[in-house]
Amino acid sequence: MHSKGKKIKIFSGNSNLDLAKKICGELGLPLGDATVSSFSDGEISININETVRGVDVYVIQSTSIPLVNKYLMEMLIMVDALKRASAGRITVVMPYYGYARQDRKAKARDPISAKLVADLITASGADRVLTMDLHAAQIQGYFNIPLDHLVGGPILAEYFKEKDIENLVVVSPDLGSVARSRNFADRLNAPIAIIDKRRPKANVSEVMNIIGDIKGKNVILIDDMIDTAGTITNGANALRDLGAKEIYACCTHAVLSGPAIERIDNSVIKELIVLDTIYLPDERKSEKIKTLSVAPLFAESIRRIFNNDSVSKLFD
């Protein structure tokens, strides 16, 4: 791929090599030759094994489990290596932006880790960031470099459109996801309902009541991420108790840590649709989970950034 004499190269850390290879496949490019390993004391070792001087470079890396901090350091050190090798422009492609839930001070003396990560990425030498479904939209404002924010909702909505489920209601698992749920429902021409929940402490959720009509309806629960799956499975069980029929769930980021898989397998959720922003090893897979790929969308975004075309056109 060349544009007015410019060259493009794509590199990846170890967090989601599958997705990086798929994106390269969509673009018809080889994955850049880099060795990303660790010294025996755990320090990250990065070697860029090909020239990048003057090249438009894209670094694909999600800061996801099980090695969030290691993957973050891999990305920062790779950007530093590329910068020092005179890369023309460096775009960090973060399908999943870790630490995004720590986006404000919820109580006294809390860190704002999402802002710290933004500062680290900028300080490492990145010129631009491409990410998807940030947990909090204001994180875009933590950067003083351009950031393109993709949305996964249309990919998920397309899947459910093809399923053509009748008597459908889209359900927001909490008040914070209402805007996302409304956009999703608009794409499916469906009404929405909202679960009003109280959360006694972190990673523990408690359902209180449902705003909207779900009795005798098929429902889709949508969230930006599913971590321990407490919110989504408790919500699904409450919906079933209140008369919902088939219950589907979907999210962009399948963090799925701790007891998540067991909870999903034991829940009333018929099918959970996720995107591949985070790599899912076999031990975090389930027969109920179906994965759709974001590779075509990220590939098209990279193509547009490289050609200086509009990325926002992808949302029309």
# chains A, B, ... in the order shown; residues from 1 in each chain; ligands from 1
>>> residues_around(residues="Asp223 in chain A", least_positions_apart="6", cutoff="7 Å", atoms="only C-alpha atoms", output="number ranges by chain")
A: 173, 177, 250-251
>>> select_by_dssp(residues="range 90-262 of chain A", states="strand (DSSP E or B)", output="number ranges by chain")
A: 90-94, 128-132, 147-150, 168-172, 192-201, 204-211, 218-226, 247-254
>>> residues_around(residues="Ser37 in chain A", least_positions_apart="3", cutoff="12 Å", atoms="only C-alpha atoms", output="PDB file with N, CA and C atoms, in the first residue's frame")
ATOM      1  N   GLY A  13       2.373  -5.913  19.285  1.00  0.00           N
ATOM      2  CA  GLY A  13       2.899  -6.542  20.491  1.00  0.00           C
ATOM      3  C   GLY A  13       2.277  -7.924  20.617  1.00  0.00           C
ATOM      4  N   ASN A  14       2.353  -8.516  21.795  1.00  0.00           N
ATOM      5  CA  ASN A  14       1.892  -9.899  21.985  1.00  0.00           C
ATOM      6  C   ASN A  14       0.445 -10.035  22.463  1.00  0.00           C
ATOM      7  N   SER A  15      -0.255  -8.903  22.669  1.00  0.00           N
ATOM      8  CA  SER A  15      -1.570  -9.013  23.334  1.00  0.00           C
ATOM      9  C   SER A  15      -2.640  -9.628  22.430  1.00  0.00           C
ATOM     10  N   ALA A  34       9.264  -7.681  14.049  1.00  0.00           N
ATOM     11  CA  ALA A  34       9.762  -7.182  15.333  1.00  0.00           C
ATOM     12  C   ALA A  34       9.821  -8.344  16.317  1.00  0.00           C
ATOM     13  N   SER A  40      15.351 -12.067  31.408  1.00  0.00           N
ATOM     14  CA  SER A  40      15.029 -13.028  32.469  1.00  0.00           C
ATOM     15  C   SER A  40      14.489 -12.347  33.728  1.00  0.00           C
ATOM     16  N   ASP A  41      14.771 -11.043  33.908  1.00  0.00           N
ATOM     17  CA  ASP A  41      14.231 -10.344  35.095  1.00  0.00           C
ATOM     18  C   ASP A  41      12.843  -9.761  34.844  1.00  0.00           C
ATOM     19  N   GLY A  42      12.294  -9.990  33.632  1.00  0.00           N
ATOM     20  CA  GLY A  42      10.941  -9.514  33.337  1.00  0.00           C
ATOM     21  C   GLY A  42      10.888  -8.224  32.537  1.00  0.00           C
ATOM     22  N   GLU A  43      12.020  -7.537  32.369  1.00  0.00           N
ATOM     23  CA  GLU A  43      12.016  -6.316  31.560  1.00  0.00           C
ATOM     24  C   GLU A  43      11.696  -6.659  30.103  1.00  0.00           C
ATOM     25  N   ILE A  44      10.989  -5.729  29.447  1.00  0.00           N
ATOM     26  CA  ILE A  44      10.577  -5.960  28.053  1.00  0.00           C
ATOM     27  C   ILE A  44      11.759  -5.709  27.116  1.00  0.00           C
ATOM     28  N   SER A  45      11.901  -6.594  26.140  1.00  0.00           N
ATOM     29  CA  SER A  45      12.936  -6.422  25.114  1.00  0.00           C
ATOM     30  C   SER A  45      12.252  -6.296  23.753  1.00  0.00           C
ATOM     31  N   ILE A  46      12.540  -5.211  23.033  1.00  0.00           N
ATOM     32  CA  ILE A  46      11.935  -4.989  21.707  1.00  0.00           C
ATOM     33  C   ILE A  46      13.042  -4.787  20.674  1.00  0.00           C
ATOM     34  N   ASN A  47      12.960  -5.529  19.590  1.00  0.00           N
ATOM     35  CA  ASN A  47      13.864  -5.294  18.460  1.00  0.00           C
ATOM     36  C   ASN A  47      13.037  -5.118  17.199  1.00  0.00           C
ATOM     37  N   ILE A  48      13.201  -3.981  16.529  1.00  0.00           N
ATOM     38  CA  ILE A  48      12.541  -3.750  15.237  1.00  0.00           C
ATOM     39  C   ILE A  48      13.531  -4.220  14.176  1.00  0.00           C
ATOM     40  N   LYS A  70       2.124  -5.550  31.379  1.00  0.00           N
ATOM     41  CA  LYS A  70       3.187  -5.980  30.467  1.00  0.00           C
ATOM     42  C   LYS A  70       2.871  -5.513  29.043  1.00  0.00           C
ATOM     43  N   TYR A  71       1.611  -5.688  28.626  1.00  0.00           N
ATOM     44  CA  TYR A  71       1.223  -5.287  27.273  1.00  0.00           C
ATOM     45  C   TYR A  71       1.332  -3.769  27.104  1.00  0.00           C
ATOM     46  N   MET A  73       3.472  -1.794  28.649  1.00  0.00           N
ATOM     47  CA  MET A  73       4.904  -1.489  28.515  1.00  0.00           C
ATOM     48  C   MET A  73       5.444  -1.921  27.147  1.00  0.00           C
ATOM     49  N   GLU A  74       4.981  -3.065  26.641  1.00  0.00           N
ATOM     50  CA  GLU A  74       5.396  -3.490  25.293  1.00  0.00           C
ATOM     51  C   GLU A  74       5.073  -2.398  24.274  1.00  0.00           C
ATOM     52  N   MET A  75       3.854  -1.865  24.378  1.00  0.00           N
ATOM     53  CA  MET A  75       3.407  -0.841  23.428  1.00  0.00           C
ATOM     54  C   MET A  75       4.249   0.425  23.548  1.00  0.00           C
ATOM     55  N   ILE A  77       7.270   0.845  24.800  1.00  0.00           N
ATOM     56  CA  ILE A  77       8.672   0.645  24.419  1.00  0.00           C
ATOM     57  C   ILE A  77       8.783   0.480  22.905  1.00  0.00           C
ATOM     58  N   MET A  78       7.785  -0.172  22.292  1.00  0.00           N
ATOM     59  CA  MET A  78       7.811  -0.318  20.828  1.00  0.00           C
ATOM     60  C   MET A  78       7.685   1.048  20.156  1.00  0.00           C
TER      61      MET A  78
END
>>> residues_around(residues="range 80-89 of chain A", least_positions_apart="6", cutoff="10 Å", atoms="only C-alpha atoms", output="PyMOL selection string")
chain A and resi 6-9+11+46-48+50-59+74+121+123-128+306
>>> atom_distance(atom1="CA of Leu256 in chain A", atom2="CA of Ala229 in chain A")
6.8 Å
>>> atom_distance(atom1="CA of Gly243 in chain A", atom2="CA of Lys215 in chain A")
4.5 Å
>>> closest_residue(among="A:Ile194, A:Val93, A:Val219, A:Val311", to="Gly176 in chain A", atoms="only C-alpha atoms")
A:Ile194
>>> atom_distance(atom1="CA of Asn209 in chain A", atom2="CA of Lys161 in chain A")
27.9 Å
>>> residues_around(residues="Arg284 in chain A", least_positions_apart="6", cutoff="12 Å", atoms="only C-alpha atoms", output="list in words")
Ile65, Pro66, Asp227, Thr228, Ala254, Val255, Leu256, Ser257, Gly258, Pro259, Ala260, Ile261, Glu262, Arg263, Ile264, Asp265, Ile278, Lys290 and Thr291 of chain A
>>> write_last_selection(atoms="N, CA, C and O atoms", output="PDB file, in the first residue's frame")
ATOM      1  N   ILE A  65      -6.256  -8.396  29.655  1.00  0.00           N
ATOM      2  CA  ILE A  65      -5.801  -9.485  30.516  1.00  0.00           C
ATOM      3  C   ILE A  65      -5.198 -10.587  29.638  1.00  0.00           C
ATOM      4  O   ILE A  65      -5.521 -10.664  28.459  1.00  0.00           O
ATOM      5  N   PRO A  66      -4.283 -11.422  30.162  1.00  0.00           N
ATOM      6  CA  PRO A  66      -3.917 -11.522  31.577  1.00  0.00           C
ATOM      7  C   PRO A  66      -2.730 -10.648  31.980  1.00  0.00           C
ATOM      8  O   PRO A  66      -2.354 -10.635  33.140  1.00  0.00           O
ATOM      9  N   ASP A 227     -16.693  -7.910  32.280  1.00  0.00           N
ATOM     10  CA  ASP A 227     -15.496  -8.295  33.019  1.00  0.00           C
ATOM     11  C   ASP A 227     -15.773  -9.579  33.798  1.00  0.00           C
ATOM     12  O   ASP A 227     -15.585 -10.675  33.300  1.00  0.00           O
ATOM     13  N   THR A 228     -16.282  -9.476  35.029  1.00  0.00           N
ATOM     14  CA  THR A 228     -16.559 -10.690  35.806  1.00  0.00           C
ATOM     15  C   THR A 228     -17.941 -11.264  35.476  1.00  0.00           C
ATOM     16  O   THR A 228     -18.312 -12.310  35.994  1.00  0.00           O
ATOM     17  N   ALA A 254     -14.593  -8.346  25.488  1.00  0.00           N
ATOM     18  CA  ALA A 254     -14.807  -9.538  26.323  1.00  0.00           C
ATOM     19  C   ALA A 254     -13.621  -9.700  27.271  1.00  0.00           C
ATOM     20  O   ALA A 254     -12.699 -10.472  27.005  1.00  0.00           O
ATOM     21  N   VAL A 255     -13.639  -8.945  28.371  1.00  0.00           N
ATOM     22  CA  VAL A 255     -12.551  -9.043  29.359  1.00  0.00           C
ATOM     23  C   VAL A 255     -12.618 -10.427  30.031  1.00  0.00           C
ATOM     24  O   VAL A 255     -11.624 -11.140  30.133  1.00  0.00           O
ATOM     25  N   LEU A 256     -13.816 -10.793  30.484  1.00  0.00           N
ATOM     26  CA  LEU A 256     -14.111 -12.137  30.991  1.00  0.00           C
ATOM     27  C   LEU A 256     -13.053 -12.665  31.978  1.00  0.00           C
ATOM     28  O   LEU A 256     -12.391 -13.665  31.727  1.00  0.00           O
ATOM     29  N   SER A 257     -12.921 -11.956  33.101  1.00  0.00           N
ATOM     30  CA  SER A 257     -11.937 -12.374  34.108  1.00  0.00           C
ATOM     31  C   SER A 257     -12.625 -13.127  35.244  1.00  0.00           C
ATOM     32  O   SER A 257     -13.853 -13.114  35.363  1.00  0.00           O
ATOM     33  N   GLY A 258     -11.806 -13.787  36.073  1.00  0.00           N
ATOM     34  CA  GLY A 258     -12.322 -14.470  37.261  1.00  0.00           C
ATOM     35  C   GLY A 258     -13.406 -15.480  36.924  1.00  0.00           C
ATOM     36  O   GLY A 258     -13.228 -16.349  36.072  1.00  0.00           O
ATOM     37  N   PRO A 259     -14.580 -15.346  37.587  1.00  0.00           N
ATOM     38  CA  PRO A 259     -15.648 -16.351  37.425  1.00  0.00           C
ATOM     39  C   PRO A 259     -16.544 -16.131  36.211  1.00  0.00           C
ATOM     40  O   PRO A 259     -17.600 -16.750  36.087  1.00  0.00           O
ATOM     41  N   ALA A 260     -16.133 -15.252  35.272  1.00  0.00           N
ATOM     42  CA  ALA A 260     -17.025 -14.835  34.181  1.00  0.00           C
ATOM     43  C   ALA A 260     -17.582 -16.002  33.366  1.00  0.00           C
ATOM     44  O   ALA A 260     -18.799 -16.096  33.143  1.00  0.00           O
ATOM     45  N   ILE A 261     -16.708 -16.909  32.902  1.00  0.00           N
ATOM     46  CA  ILE A 261     -17.159 -17.993  32.016  1.00  0.00           C
ATOM     47  C   ILE A 261     -18.155 -18.898  32.738  1.00  0.00           C
ATOM     48  O   ILE A 261     -19.202 -19.271  32.187  1.00  0.00           O
ATOM     49  N   GLU A 262     -17.831 -19.235  33.975  1.00  0.00           N
ATOM     50  CA  GLU A 262     -18.731 -20.079  34.777  1.00  0.00           C
ATOM     51  C   GLU A 262     -20.092 -19.409  34.952  1.00  0.00           C
ATOM     52  O   GLU A 262     -21.141 -20.047  34.802  1.00  0.00           O
ATOM     53  N   ARG A 263     -20.069 -18.103  35.222  1.00  0.00           N
ATOM     54  CA  ARG A 263     -21.333 -17.361  35.397  1.00  0.00           C
ATOM     55  C   ARG A 263     -22.154 -17.352  34.112  1.00  0.00           C
ATOM     56  O   ARG A 263     -23.375 -17.522  34.140  1.00  0.00           O
ATOM     57  N   ILE A 264     -21.483 -17.140  32.985  1.00  0.00           N
ATOM     58  CA  ILE A 264     -22.199 -17.101  31.697  1.00  0.00           C
ATOM     59  C   ILE A 264     -22.784 -18.473  31.375  1.00  0.00           C
ATOM     60  O   ILE A 264     -23.949 -18.601  30.977  1.00  0.00           O
ATOM     61  N   ASP A 265     -21.988 -19.529  31.580  1.00  0.00           N
ATOM     62  CA  ASP A 265     -22.460 -20.892  31.309  1.00  0.00           C
ATOM     63  C   ASP A 265     -23.667 -21.261  32.170  1.00  0.00           C
ATOM     64  O   ASP A 265     -24.551 -21.987  31.730  1.00  0.00           O
ATOM     65  N   ILE A 278     -10.175  -8.133  22.268  1.00  0.00           N
ATOM     66  CA  ILE A 278      -9.338  -8.817  23.260  1.00  0.00           C
ATOM     67  C   ILE A 278      -9.220 -10.272  22.819  1.00  0.00           C
ATOM     68  O   ILE A 278     -10.216 -10.898  22.455  1.00  0.00           O
ATOM     69  N   LYS A 290     -20.072 -16.242  21.026  1.00  0.00           N
ATOM     70  CA  LYS A 290     -19.746 -16.166  19.593  1.00  0.00           C
ATOM     71  C   LYS A 290     -18.951 -14.873  19.367  1.00  0.00           C
ATOM     72  O   LYS A 290     -19.347 -13.812  19.859  1.00  0.00           O
ATOM     73  N   THR A 291     -17.839 -14.986  18.639  1.00  0.00           N
ATOM     74  CA  THR A 291     -16.970 -13.825  18.413  1.00  0.00           C
ATOM     75  C   THR A 291     -17.080 -13.332  16.976  1.00  0.00           C
ATOM     76  O   THR A 291     -17.007 -14.112  16.029  1.00  0.00           O
TER      77      THR A 291
END
>>> residues_around(residues="Phe184 in chain A", least_positions_apart="5", cutoff="9 Å", atoms="only C-alpha atoms", output="PyMOL selection string")
chain A and resi 153-154+156-157+170+179+189-190+222
>>> closest_atom_pairs(of="range 37-76 of chain A", to="range 96-102 of chain A", cutoff="7 Å", atoms="only C-alpha atoms", output="JSON lines")
{"residue": "A:Ser62", "atom": "CA", "partner": "A:Tyr96", "partner_atom": "CA", "distance": 4.8}
{"residue": "A:Thr63", "atom": "CA", "partner": "A:Gly98", "partner_atom": "CA", "distance": 4.9}
{"residue": "A:Ser64", "atom": "CA", "partner": "A:Gly98", "partner_atom": "CA", "distance": 6.1}
>>> write_last_selection(atoms="N, CA and C atoms", output="PDB file, in the first residue's frame")
ATOM      1  N   SER A  62      -3.726  -4.267  22.322  1.00  0.00           N
ATOM      2  CA  SER A  62      -4.755  -4.052  23.351  1.00  0.00           C
ATOM      3  C   SER A  62      -4.091  -4.220  24.716  1.00  0.00           C
ATOM      4  N   THR A  63      -4.462  -3.375  25.660  1.00  0.00           N
ATOM      5  CA  THR A  63      -3.912  -3.551  27.024  1.00  0.00           C
ATOM      6  C   THR A  63      -4.931  -4.364  27.811  1.00  0.00           C
ATOM      7  N   SER A  64      -4.868  -5.688  27.586  1.00  0.00           N
ATOM      8  CA  SER A  64      -5.927  -6.564  28.091  1.00  0.00           C
ATOM      9  C   SER A  64      -5.360  -7.667  28.977  1.00  0.00           C
TER      10      SER A  64
END
>>> residues_around(residues="Thr122 in chain A", least_positions_apart="4", cutoff="12 Å", atoms="only C-alpha atoms", output="VMD selection string")
chain A and resid 75 to 76 79 to 80 83 90 to 92 115 to 118 126 to 129 142 to 147
